[in-house]
$ cat final-v6.txt   # compact mmCIF, C-alpha atoms and all ligand atoms
# COMPACT_ATOMS: atom_id res chain seq x y z
CA MET B 1 78.56 113.00 180.07
CA SER B 2 75.18 113.70 181.57
CA HIS B 3 72.06 115.11 179.86
CA ASP B 4 72.83 118.45 181.42
CA PRO B 5 75.09 120.92 179.60
CA ILE B 6 75.52 123.10 182.69
CA ALA B 7 76.70 120.20 184.83
CA ASP B 8 78.89 119.12 181.93
CA SER B 9 80.61 122.50 181.75
CA VAL B 10 81.29 122.43 185.50
CA LEU B 11 82.47 118.82 185.27
CA ALA B 12 84.99 119.82 182.62
CA PHE B 13 86.72 121.81 185.39
CA LEU B 14 86.17 119.34 188.21
CA ARG B 15 86.98 116.06 186.50
CA GLU B 16 90.74 116.51 186.89
CA ARG B 17 90.93 118.99 189.74
CA ASP B 18 88.31 117.52 192.06
CA PRO B 19 86.94 114.19 190.88
CA GLU B 20 85.34 113.54 194.27
CA ALA B 21 83.08 116.61 194.00
CA GLY B 22 82.64 115.99 190.26
CA ALA B 23 81.20 112.54 190.89
CA ILE B 24 78.60 113.95 193.25
CA LEU B 25 77.50 116.61 190.73
CA ALA B 26 77.35 114.05 187.93
CA ALA B 27 75.14 111.80 190.07
CA GLU B 28 72.74 114.59 191.04
CA SER B 29 72.47 115.86 187.51
CA GLU B 30 71.72 112.32 186.32
CA ARG B 31 69.09 111.91 189.07
CA GLN B 32 67.30 115.13 188.10
CA ALA B 33 67.43 114.28 184.41
CA THR B 34 65.93 110.81 184.81
CA THR B 35 63.26 111.22 187.51
CA LEU B 36 59.84 112.90 187.54
CA GLU B 37 59.89 115.73 190.08
CA LEU B 38 56.47 116.10 191.68
CA ILE B 39 57.53 118.01 194.82
CA ALA B 40 55.28 121.07 194.67
CA SER B 41 57.96 123.45 195.96
CA GLU B 42 60.58 122.47 193.40
CA ASN B 43 61.25 123.37 189.80
CA HIS B 44 63.97 123.26 187.16
CA ALA B 45 65.48 126.73 186.68
CA SER B 46 66.32 127.73 183.10
CA PRO B 47 69.88 127.48 181.75
CA ALA B 48 70.12 131.31 181.77
CA VAL B 49 69.08 131.46 185.44
CA MET B 50 71.51 128.72 186.43
CA HIS B 51 74.39 130.16 184.45
CA ALA B 52 73.75 133.60 185.96
CA MET B 53 74.30 132.13 189.44
CA GLY B 54 77.69 130.75 188.53
CA THR B 55 79.29 134.14 187.81
CA CYS B 56 81.85 136.54 189.28
CA PHE B 57 79.09 138.34 191.19
CA THR B 58 79.68 135.70 193.89
CA ASN B 59 83.01 137.40 194.60
CA LYS B 60 81.58 140.74 195.63
CA TYR B 61 80.76 142.18 199.03
CA ALA B 62 77.90 144.64 198.61
CA GLU B 63 76.51 145.20 202.11
CA GLY B 64 73.92 147.97 202.01
CA TYR B 65 71.69 148.90 199.07
CA PRO B 66 72.30 150.38 195.59
CA GLY B 67 73.82 153.83 195.97
CA ALA B 68 74.54 153.28 199.69
CA ARG B 69 77.04 150.44 200.04
CA TYR B 70 79.65 149.77 202.69
CA TYR B 71 82.23 148.64 200.12
CA GLY B 72 83.85 150.11 197.03
CA GLY B 73 83.61 148.57 193.59
CA CYS B 74 79.84 148.12 193.71
CA VAL B 75 78.85 150.03 190.58
CA HIS B 76 77.80 146.97 188.54
CA ASN B 77 76.36 145.30 191.62
CA ASP B 78 74.14 148.36 191.97
CA SER B 79 73.01 147.90 188.36
CA ALA B 80 72.29 144.20 188.96
CA GLU B 81 70.28 144.83 192.12
CA ASP B 82 68.43 147.77 190.58
CA LEU B 83 67.48 145.60 187.62
CA ALA B 84 66.24 142.82 189.92
CA ARG B 85 64.26 145.29 192.03
CA SER B 86 62.63 147.10 189.11
CA ARG B 87 61.70 143.83 187.38
CA ALA B 88 60.23 142.48 190.63
CA ARG B 89 58.13 145.63 191.01
CA GLN B 90 56.91 145.37 187.43
CA LEU B 91 56.18 141.65 187.74
CA PHE B 92 54.06 141.95 190.88
CA GLY B 93 52.76 145.49 190.33
CA CYS B 94 54.08 147.10 193.50
CA GLN B 95 56.16 150.09 194.60
CA PHE B 96 59.01 148.57 196.64
CA ALA B 97 60.95 145.32 196.46
CA ASN B 98 63.81 143.98 198.57
CA VAL B 99 65.60 141.24 196.62
CA GLN B 100 68.24 140.43 199.24
CA PRO B 101 66.65 137.73 201.45
CA HIS B 102 68.68 134.55 201.14
CA SER B 103 65.53 132.41 201.37
CA GLY B 104 61.82 132.50 202.10
CA ALA B 105 62.37 131.84 205.80
CA GLN B 106 64.87 134.73 205.95
CA ALA B 107 62.33 136.98 204.23
CA ASN B 108 59.68 136.08 206.80
CA GLY B 109 62.13 136.46 209.69
CA SER B 110 63.00 139.93 208.40
CA VAL B 111 59.32 140.93 208.36
CA PHE B 112 58.94 139.74 211.97
CA LEU B 113 62.01 141.77 212.89
CA ALA B 114 60.60 144.84 211.13
CA MET B 115 57.05 144.61 212.47
CA LEU B 116 57.05 142.85 215.84
CA LYS B 117 58.73 142.97 219.23
CA PRO B 118 59.58 139.77 221.10
CA GLY B 119 56.40 138.35 222.66
CA ASP B 120 54.05 140.10 220.19
CA THR B 121 51.11 138.13 218.81
CA PHE B 122 50.63 137.19 215.16
CA ALA B 123 48.05 134.94 213.49
CA SER B 124 48.63 132.21 210.91
CA LEU B 125 47.03 128.97 209.71
CA VAL B 126 47.21 125.86 211.92
CA LEU B 127 50.61 124.63 210.77
CA ALA B 128 49.54 121.01 210.32
CA ASP B 129 46.85 122.20 207.89
CA GLY B 130 49.34 123.51 205.33
CA GLY B 131 51.29 126.32 207.00
CA HIS B 132 55.04 126.83 206.89
CA LEU B 133 57.47 126.30 209.79
CA SER B 134 58.42 129.99 209.62
CA HIS B 135 54.78 130.86 210.49
CA GLY B 136 55.09 129.98 214.16
CA LEU B 137 56.47 126.47 214.66
CA LYS B 138 57.42 126.13 218.32
CA VAL B 139 61.08 125.34 217.57
CA ASN B 140 61.40 128.06 214.89
CA LEU B 141 62.40 131.61 215.79
CA SER B 142 58.87 132.70 214.82
CA GLY B 143 57.36 130.44 217.48
CA LYS B 144 60.05 130.87 220.13
CA TRP B 145 60.35 134.65 220.25
CA PHE B 146 56.82 135.63 219.23
CA ASN B 147 53.33 134.49 220.17
CA PRO B 148 51.62 132.70 217.27
CA VAL B 149 47.88 132.08 217.35
CA HIS B 150 46.40 129.88 214.64
CA TYR B 151 43.24 129.86 212.59
CA PRO B 152 41.70 126.62 211.22
CA LEU B 153 40.22 125.20 208.04
CA HIS B 154 36.65 123.96 207.86
CA TYR B 155 36.81 120.47 209.36
CA ASP B 156 33.18 119.44 208.88
CA PRO B 157 32.96 117.10 205.84
CA GLY B 158 29.37 118.27 205.31
CA HIS B 159 30.39 121.92 204.91
CA PRO B 160 30.58 123.23 201.31
CA ASP B 161 33.99 124.73 202.16
CA PHE B 162 35.34 121.52 203.74
CA GLU B 163 39.13 121.75 204.14
CA ARG B 164 39.18 125.34 202.90
CA ILE B 165 40.05 128.35 205.06
CA ASP B 166 37.33 129.10 207.62
CA TYR B 167 37.27 132.88 207.21
CA ASP B 168 34.72 133.32 210.02
CA ALA B 169 37.13 131.48 212.32
CA VAL B 170 39.99 133.74 211.14
CA GLU B 171 37.84 136.70 212.12
CA GLU B 172 37.05 135.13 215.50
CA VAL B 173 40.72 134.31 216.26
CA CYS B 174 41.68 137.89 215.37
CA ARG B 175 38.89 139.38 217.47
CA THR B 176 39.97 137.32 220.47
CA HIS B 177 43.74 137.70 220.23
CA LYS B 178 44.20 141.08 218.48
CA PRO B 179 47.32 140.02 216.54
CA LYS B 180 49.67 142.76 215.36
CA LEU B 181 50.30 140.78 212.18
CA LEU B 182 47.92 138.54 210.23
CA MET B 183 49.55 136.07 207.84
CA CYS B 184 48.05 134.31 204.86
CA GLY B 185 49.78 132.19 202.20
CA TYR B 186 50.71 128.53 202.68
CA SER B 187 52.87 125.53 201.76
CA ALA B 188 50.20 122.95 201.08
CA TYR B 189 46.93 124.71 200.27
CA PRO B 190 45.37 123.77 196.94
CA ARG B 191 42.77 126.55 196.78
CA VAL B 192 42.58 130.25 195.89
CA ILE B 193 43.25 132.63 198.79
CA ASP B 194 40.69 135.42 199.25
CA PHE B 195 43.05 138.34 199.95
CA ALA B 196 40.20 140.87 199.96
CA ARG B 197 38.48 138.95 202.77
CA PHE B 198 41.75 138.86 204.72
CA ARG B 199 42.01 142.66 204.25
CA GLU B 200 38.59 143.16 205.86
CA ILE B 201 39.53 140.95 208.78
CA ALA B 202 42.87 142.73 209.26
CA ASP B 203 41.15 146.11 209.21
CA ASN B 204 38.61 144.96 211.79
CA CYS B 205 41.33 143.98 214.28
CA GLY B 206 43.98 146.57 213.36
CA ALA B 207 46.54 144.02 212.14
CA VAL B 208 49.17 144.45 209.47
CA LEU B 209 48.31 142.00 206.67
CA MET B 210 51.11 139.91 205.25
CA ALA B 211 50.86 137.38 202.41
CA ASP B 212 53.57 134.74 202.02
CA ILE B 213 53.10 133.69 198.39
CA ALA B 214 56.20 131.42 198.33
CA HIS B 215 54.26 128.66 196.57
CA ILE B 216 51.99 130.59 194.23
CA ALA B 217 54.34 133.46 193.25
CA GLY B 218 54.66 132.25 189.65
CA LEU B 219 50.89 131.93 189.32
CA VAL B 220 50.41 135.40 190.79
CA ALA B 221 53.06 136.94 188.52
CA ALA B 222 51.33 135.40 185.51
CA GLY B 223 47.85 136.47 186.62
CA VAL B 224 46.72 132.87 187.09
CA HIS B 225 46.04 133.42 190.83
CA PRO B 226 44.61 136.73 192.18
CA SER B 227 47.28 139.17 193.36
CA PRO B 228 47.80 139.95 197.05
CA PHE B 229 48.17 143.61 195.95
CA PRO B 230 46.55 146.00 196.70
CA HIS B 231 45.02 144.12 199.65
CA CYS B 232 48.13 143.11 201.58
CA ASP B 233 50.55 145.46 203.33
CA ILE B 234 53.56 143.17 202.94
CA VAL B 235 54.15 140.31 200.52
CA THR B 236 56.98 137.79 200.91
CA THR B 237 57.92 134.99 198.58
CA THR B 238 60.58 132.55 197.55
CA THR B 239 61.96 132.87 194.04
CA HIS B 240 62.69 129.19 193.32
CA LYS B 241 59.28 127.48 193.43
CA THR B 242 56.64 128.23 190.78
CA LEU B 243 58.57 131.42 189.97
CA ARG B 244 61.40 129.29 188.51
CA GLY B 245 64.24 131.52 189.65
CA PRO B 246 67.33 130.83 191.74
CA ARG B 247 66.90 129.72 195.37
CA GLY B 248 66.11 132.86 197.35
CA GLY B 249 63.58 135.25 198.92
CA LEU B 250 61.85 138.53 198.09
CA ILE B 251 59.84 141.07 200.12
CA MET B 252 57.45 143.61 198.59
CA THR B 253 55.20 146.44 199.74
CA ASN B 254 53.46 149.57 198.47
CA ASP B 255 54.14 151.52 201.66
CA ALA B 256 57.27 153.70 201.76
CA GLU B 257 57.51 153.64 205.57
CA LEU B 258 57.17 149.87 205.71
CA ALA B 259 59.73 149.56 202.92
CA LYS B 260 62.30 151.48 204.99
CA LYS B 261 61.68 149.27 208.01
CA ILE B 262 61.94 146.14 205.89
CA ASP B 263 65.19 147.23 204.24
CA ARG B 264 66.74 147.88 207.66
CA ALA B 265 65.46 144.57 208.97
CA VAL B 266 66.96 142.56 206.08
CA PHE B 267 70.28 144.43 206.36
CA PRO B 268 71.78 144.94 208.88
CA GLY B 269 69.04 143.35 211.02
CA MET B 270 68.93 139.82 209.68
CA GLN B 271 71.66 139.31 207.12
CA GLY B 272 75.17 140.39 206.21
CA GLY B 273 76.44 140.58 202.64
CA PRO B 274 73.84 139.93 199.93
CA LEU B 275 74.32 136.97 197.58
CA MET B 276 74.99 139.14 194.53
CA HIS B 277 75.30 136.17 192.16
CA VAL B 278 71.83 135.06 193.24
CA ILE B 279 70.44 138.60 192.98
CA PHE B 280 71.87 138.82 189.46
CA SER B 281 70.18 135.53 188.67
CA LYS B 282 66.91 136.78 190.20
CA ALA B 283 67.04 139.68 187.71
CA VAL B 284 67.37 137.16 184.86
CA ALA B 285 64.53 135.02 186.25
CA PHE B 286 62.20 138.02 186.66
CA GLY B 287 63.03 138.97 183.07
CA GLU B 288 61.91 135.50 181.97
CA ALA B 289 58.75 135.78 184.07
CA LEU B 290 57.82 139.04 182.35
CA LYS B 291 57.66 137.28 178.97
CA PRO B 292 54.33 136.06 177.52
CA GLU B 293 55.58 132.43 177.51
CA PHE B 294 55.66 132.53 181.29
CA ARG B 295 51.91 133.06 181.47
CA ALA B 296 51.36 130.13 179.12
CA TYR B 297 53.66 128.01 181.31
CA GLN B 298 51.74 128.86 184.51
CA GLU B 299 48.41 128.16 182.82
CA GLN B 300 49.76 124.76 181.83
CA VAL B 301 50.98 124.15 185.40
CA VAL B 302 47.40 124.62 186.63
CA ARG B 303 45.85 122.55 183.83
CA ASN B 304 48.31 119.75 184.60
CA ALA B 305 47.53 119.89 188.32
CA LYS B 306 43.79 119.63 187.65
CA ALA B 307 44.40 116.75 185.23
CA LEU B 308 46.64 114.87 187.69
CA ALA B 309 44.14 115.36 190.52
CA ALA B 310 41.30 114.08 188.34
CA ALA B 311 43.32 111.09 187.11
CA LEU B 312 44.16 110.11 190.71
CA ALA B 313 40.57 110.64 191.83
CA ARG B 314 39.44 108.21 189.12
CA ARG B 315 41.77 105.65 190.73
CA GLY B 316 40.17 106.01 194.15
CA TYR B 317 42.32 108.66 195.79
CA ARG B 318 40.67 111.59 197.56
CA MET B 319 42.09 115.08 197.04
CA THR B 320 41.72 117.19 200.17
CA SER B 321 39.12 119.94 199.60
CA GLY B 322 38.02 117.89 196.59
CA GLY B 323 40.65 119.04 194.08
CA THR B 324 42.91 121.95 193.24
CA ASP B 325 42.79 125.50 191.85
CA ASN B 326 46.55 125.93 191.65
CA HIS B 327 49.75 123.89 191.18
CA VAL B 328 49.50 121.69 194.27
CA MET B 329 47.25 118.91 195.54
CA LEU B 330 47.14 116.96 198.78
CA VAL B 331 46.30 113.31 198.21
CA ASP B 332 44.57 111.50 201.06
CA LEU B 333 45.96 107.98 200.59
CA ARG B 334 43.57 106.29 203.01
CA THR B 335 40.69 106.26 200.55
CA ARG B 336 42.73 104.03 198.22
CA ASP B 337 44.04 101.81 201.02
CA ALA B 338 43.39 102.43 204.72
CA GLU B 339 46.84 101.11 205.65
CA LEU B 340 48.77 103.24 203.17
CA THR B 341 50.96 105.97 204.74
CA GLY B 342 52.65 109.01 203.24
CA ALA B 343 56.05 107.77 204.44
CA ASP B 344 55.71 104.43 202.61
CA ALA B 345 54.29 106.06 199.49
CA GLU B 346 57.15 108.58 199.27
CA GLN B 347 59.77 105.83 199.58
CA TRP B 348 58.14 103.41 197.15
CA LEU B 349 57.60 106.11 194.53
CA GLU B 350 61.21 107.23 194.81
CA ARG B 351 62.31 103.70 193.94
CA ALA B 352 60.25 104.06 190.78
CA GLY B 353 61.83 107.43 189.93
CA ILE B 354 58.89 109.57 191.04
CA ILE B 355 59.92 112.16 193.62
CA THR B 356 57.25 113.36 196.08
CA ASN B 357 56.91 114.28 199.73
CA LYS B 358 54.73 112.85 202.46
CA ASN B 359 52.49 115.49 203.99
CA GLY B 360 49.87 115.51 206.72
CA VAL B 361 46.27 115.95 205.61
CA PRO B 362 44.02 118.25 207.69
CA GLN B 363 43.34 116.61 211.07
CA ASP B 364 45.75 113.80 210.22
CA PRO B 365 45.76 111.20 213.03
CA ARG B 366 49.23 110.01 212.04
CA PRO B 367 52.43 111.79 213.18
CA PRO B 368 54.35 114.12 210.80
CA LYS B 369 57.00 111.50 210.08
CA VAL B 370 54.34 109.03 208.89
CA THR B 371 51.28 111.01 207.65
CA SER B 372 48.27 109.92 205.61
CA GLY B 373 48.95 112.19 202.67
CA LEU B 374 51.16 112.90 199.73
CA ARG B 375 51.72 116.43 198.44
CA LEU B 376 52.06 116.58 194.65
CA GLY B 377 52.76 119.55 192.41
CA THR B 378 53.15 120.08 188.68
CA PRO B 379 55.60 123.02 188.26
CA ALA B 380 58.68 120.88 187.56
CA VAL B 381 57.09 118.33 185.20
CA THR B 382 55.41 121.20 183.33
CA THR B 383 58.82 122.82 182.87
CA ARG B 384 59.88 119.54 181.21
CA GLY B 385 56.99 119.90 178.80
CA LEU B 386 54.48 117.35 180.10
CA LYS B 387 50.84 118.10 179.26
CA GLU B 388 47.41 117.02 180.55
CA GLY B 389 47.48 113.71 178.67
CA ASP B 390 50.81 112.83 180.29
CA MET B 391 49.24 113.33 183.73
CA GLU B 392 47.10 110.25 183.06
CA THR B 393 50.35 108.31 182.50
CA VAL B 394 51.90 109.73 185.68
CA ALA B 395 48.80 108.88 187.75
CA GLY B 396 48.96 105.37 186.32
CA PHE B 397 52.60 105.03 187.42
CA ILE B 398 51.76 106.25 190.93
CA ASP B 399 48.82 103.89 191.29
CA ARG B 400 50.77 100.86 190.03
CA VAL B 401 53.53 101.46 192.59
CA LEU B 402 51.18 102.11 195.51
CA GLY B 403 48.75 99.36 194.50
CA ALA B 404 51.64 96.88 194.52
CA LYS B 405 52.80 98.23 197.93
CA GLY B 406 56.24 99.06 196.61
CA ASP B 407 56.89 95.60 195.15
CA ASP B 408 60.44 95.53 193.74
CA GLY B 409 59.43 94.18 190.35
CA VAL B 410 56.70 96.77 189.85
CA CYS B 411 58.93 99.65 191.05
CA GLY B 412 61.68 98.49 188.70
CA ALA B 413 59.31 98.27 185.73
CA VAL B 414 57.84 101.71 186.40
CA ARG B 415 61.37 103.09 186.91
CA GLU B 416 62.21 102.09 183.32
CA GLU B 417 59.02 103.67 181.97
CA VAL B 418 59.78 106.87 183.93
CA ARG B 419 63.22 106.94 182.31
CA GLY B 420 61.48 106.69 178.96
CA VAL B 421 59.17 109.65 179.72
CA CYS B 422 62.13 111.71 180.97
CA GLY B 423 63.98 110.87 177.76
CA ARG B 424 61.06 112.16 175.69
CA PHE B 425 60.89 115.36 177.79
CA PRO B 426 64.53 116.37 178.32
CA LEU B 427 65.29 119.10 180.83
CA LEU B 428 67.19 121.68 178.84
C1 LIG J 501 58.89 127.28 200.95
C2 LIG J 501 58.22 128.24 201.84
C3 LIG J 501 58.94 129.16 202.62
C4 LIG J 501 60.41 129.10 202.87
O1 LIG J 501 61.28 129.08 201.92
P1 LIG J 501 62.81 128.68 202.14
O2 LIG J 501 63.45 129.30 200.96
O3 LIG J 501 62.85 127.19 202.19
O4 LIG J 501 63.27 129.29 203.42
C5 LIG J 501 58.23 130.13 203.31
N1 LIG J 501 56.90 130.16 203.28
C6 LIG J 501 56.17 129.28 202.60
C7 LIG J 501 54.68 129.39 202.61
C8 LIG J 501 56.81 128.27 201.87
O5 LIG J 501 56.07 127.36 201.23

$ encode --input "final-v6.txt" --output "structure tokens" --more "lines below"
Ligand SMILES: *Cc1c(COP(=O)(O)O)cnc(C)c1O
Amino acid sequence: MSHDPIADSVLAFLRERDPEAGAILAAESERQATTLELIASENHASPAVMHAMGTCFTNKYAEGYPGARYYGGCVHNDSAEDLARSRARQLFGCQFANVQPHSGAQANGSVFLAMLKPGDTFASLVLADGGHLSHGLKVNLSGKWFNPVHYPLHYDPGHPDFERIDYDAVEEVCRTHKPKLLMCGYSAYPRVIDFARFREIADNCGAVLMADIAHIAGLVAAGVHPSPFPHCDIVTTTTHKTLRGPRGGLIMTNDAELAKKIDRAVFPGMQGGPLMHVIFSKAVAFGEALKPEFRAYQEQVVRNAKALAAALARRGYRMTSGGTDNHVMLVDLRTRDAELTGADAEQWLERAGIITNKNGVPQDPRPPKVTSGLRLGTPAVTTRGLKEGDMETVAGFIDRVLGAKGDDGVCGAVREEVRGVCGRFPLL
């Protein structure tokens, strides 16, 4: 038996009928229970959210939208989707929500389909500076079928806004290229986004303003990061990162005309049948996020991130932009050891039971498969119950492993201590 009652209940069915699949689930559940998850885009969903996914809603075809489906038997599916939509609207304070996107990338693809024609120009952050592949990577649909132009961060170390968004440059890029769509919201940006400033810039160049809050959605919902509403025309997000829901996407707007276009783009434009079991689970997750405890959780996520950044800084690591305002930090490893790479750090830490991802730092001279940085986030360890004081312990683990250059003995010793911490902060 694992430490995970949900895996255990599934294993009760699989042990005899499909031991091969059962063994894989048991191993993954054990891995999650006994490692410290510091990947900024991951979290541990609640038992209610996970149980809700494993229900008979997976059996149902419900193409279309509540009240206008292409299949019979949708009455309770309509209730589930209506509940998810109304809770999403309440949570983010907006008029329209589409809860059907299968993922964040599908949500963004649907917005492109709704708003742009092939070859149209849109603007987003230089991808290597913290953007997402669905914001114009050359090999992604967004970069192949549309024309992305990118705005930079401040790259001058002497500038007070070093490694923060260069809003004057955003303005300049938009003046030059007249994008139809201006995107903000990122995958590795540790600072507050000034949505009001983006609104001004979008108005000056006539662009539709879209915020992709995939990373900060939980913070936004809890009021711990400023809301993209009313400034942004369209807001997309994932539901499984800081928001702590099932894996999926969500698109919101306050504009009835845009909402119609978006609904048509998601279905039938981009997707077929909605994942009703996931939509049902989204409703449960949004219900959790509307509770007062959720705000306390998000506040703790941010306090933990600041504490972890400070504890690492005391050990000689530089945080890009000098720290963090949210749940994520980008650690420039070179200040601790010029030879240290993100790829090595990720591998060594995994051996010690600390799960992270390598990530380029702004203007990183190393290629994306090597990198000079490590992206760390606190949503998942905060879900476990770790507090600021525990961040000192975690930073100590990280520094011992990296200081010893992944030495087997040190990784093994830290691995045992990590197991101990995980035992004191069980998942469910
Ligand atoms: C994670 C992320 C996405 C994509 O989410 P998937 O569910 O993996 O498709 C989109 N945008 C941003 C900014 C992200 O960080």

$ residues_near_ligand --input "final-v6.txt" --ligand "ligand LIG 501 (chain J)" --cutoff "9 Å" --atoms "only C-alpha atoms and all ligand atoms" --output "MDAnalysis selection string"
chainID B and resid 41 102:108 130:135 184:188 211:216 236:241 247:249

$ closest_residue --input "final-v6.txt" --among "B:Phe198, B:Phe294, B:Tyr317, B:Phe397" --to "Arg351 (chain B)" --atoms "only C-alpha atoms"
B:Phe397

$ residues_around --input "final-v6.txt" --residues "Ala169 (chain B)" --least-positions-apart "4" --cutoff "12 Å" --atoms "all atoms listed in the file" --output "PyMOL selection string"
chain B and resi 123-126+149-155+164-165+173-176+198+201

$ atom_distance --input "final-v6.txt" --atom1 "CA of Lys358 (chain B)" --atom2 "CA of Glu37 (chain B)"
13.7 Å

$ residues_near_point --input "final-v6.txt" --point "(54.3, 112.9, 192.5)" --cutoff "6 Å" --atoms "all atoms listed in the file" --output "list in words"
Leu38, Ile354, Ile355, Thr356 and Leu376 of chain B

$ atom_distance --input "final-v6.txt" --atom1 "CA of Pro118 (chain B)" --atom2 "CA of Lys180 (chain B)"
11.8 Å

$ closest_residue --input "final-v6.txt" --among "B:Gly287, B:Gly360, B:Pro292, B:Gly54" --to "Arg85 (chain B)" --atoms "only C-alpha atoms"
B:Gly287

$ closest_residue --input "final-v6.txt" --among "B:Val111, B:Cys94, B:Leu181, B:Leu36" --to "Pro228 (chain B)" --atoms "all atoms listed in the file"
B:Cys94

$ residues_around --input "final-v6.txt" --residues "Ala52 (chain B)" --least-positions-apart "4" --cutoff "7 Å" --atoms "all atoms listed in the file" --output "number ranges by chain"
B: 48, 277, 280-281

$ residues_near_point --input "final-v6.txt" --point "(52.5, 114.6, 208.5)" --cutoff "12 Å" --atoms "only C-alpha atoms" --output "number ranges by chain"
B: 127-131, 188, 330, 332, 341-343, 346, 357-375

$ atom_distance --input "final-v6.txt" --atom1 "CA of Gly72 (chain B)" --atom2 "CA of Met53 (chain B)"
21.7 Å

$ closest_residue --input "final-v6.txt" --among "B:Thr253, B:Val99, B:Asp156, B:Pro190" --to "Thr324 (chain B)" --atoms "all atoms listed in the file"
B:Pro190
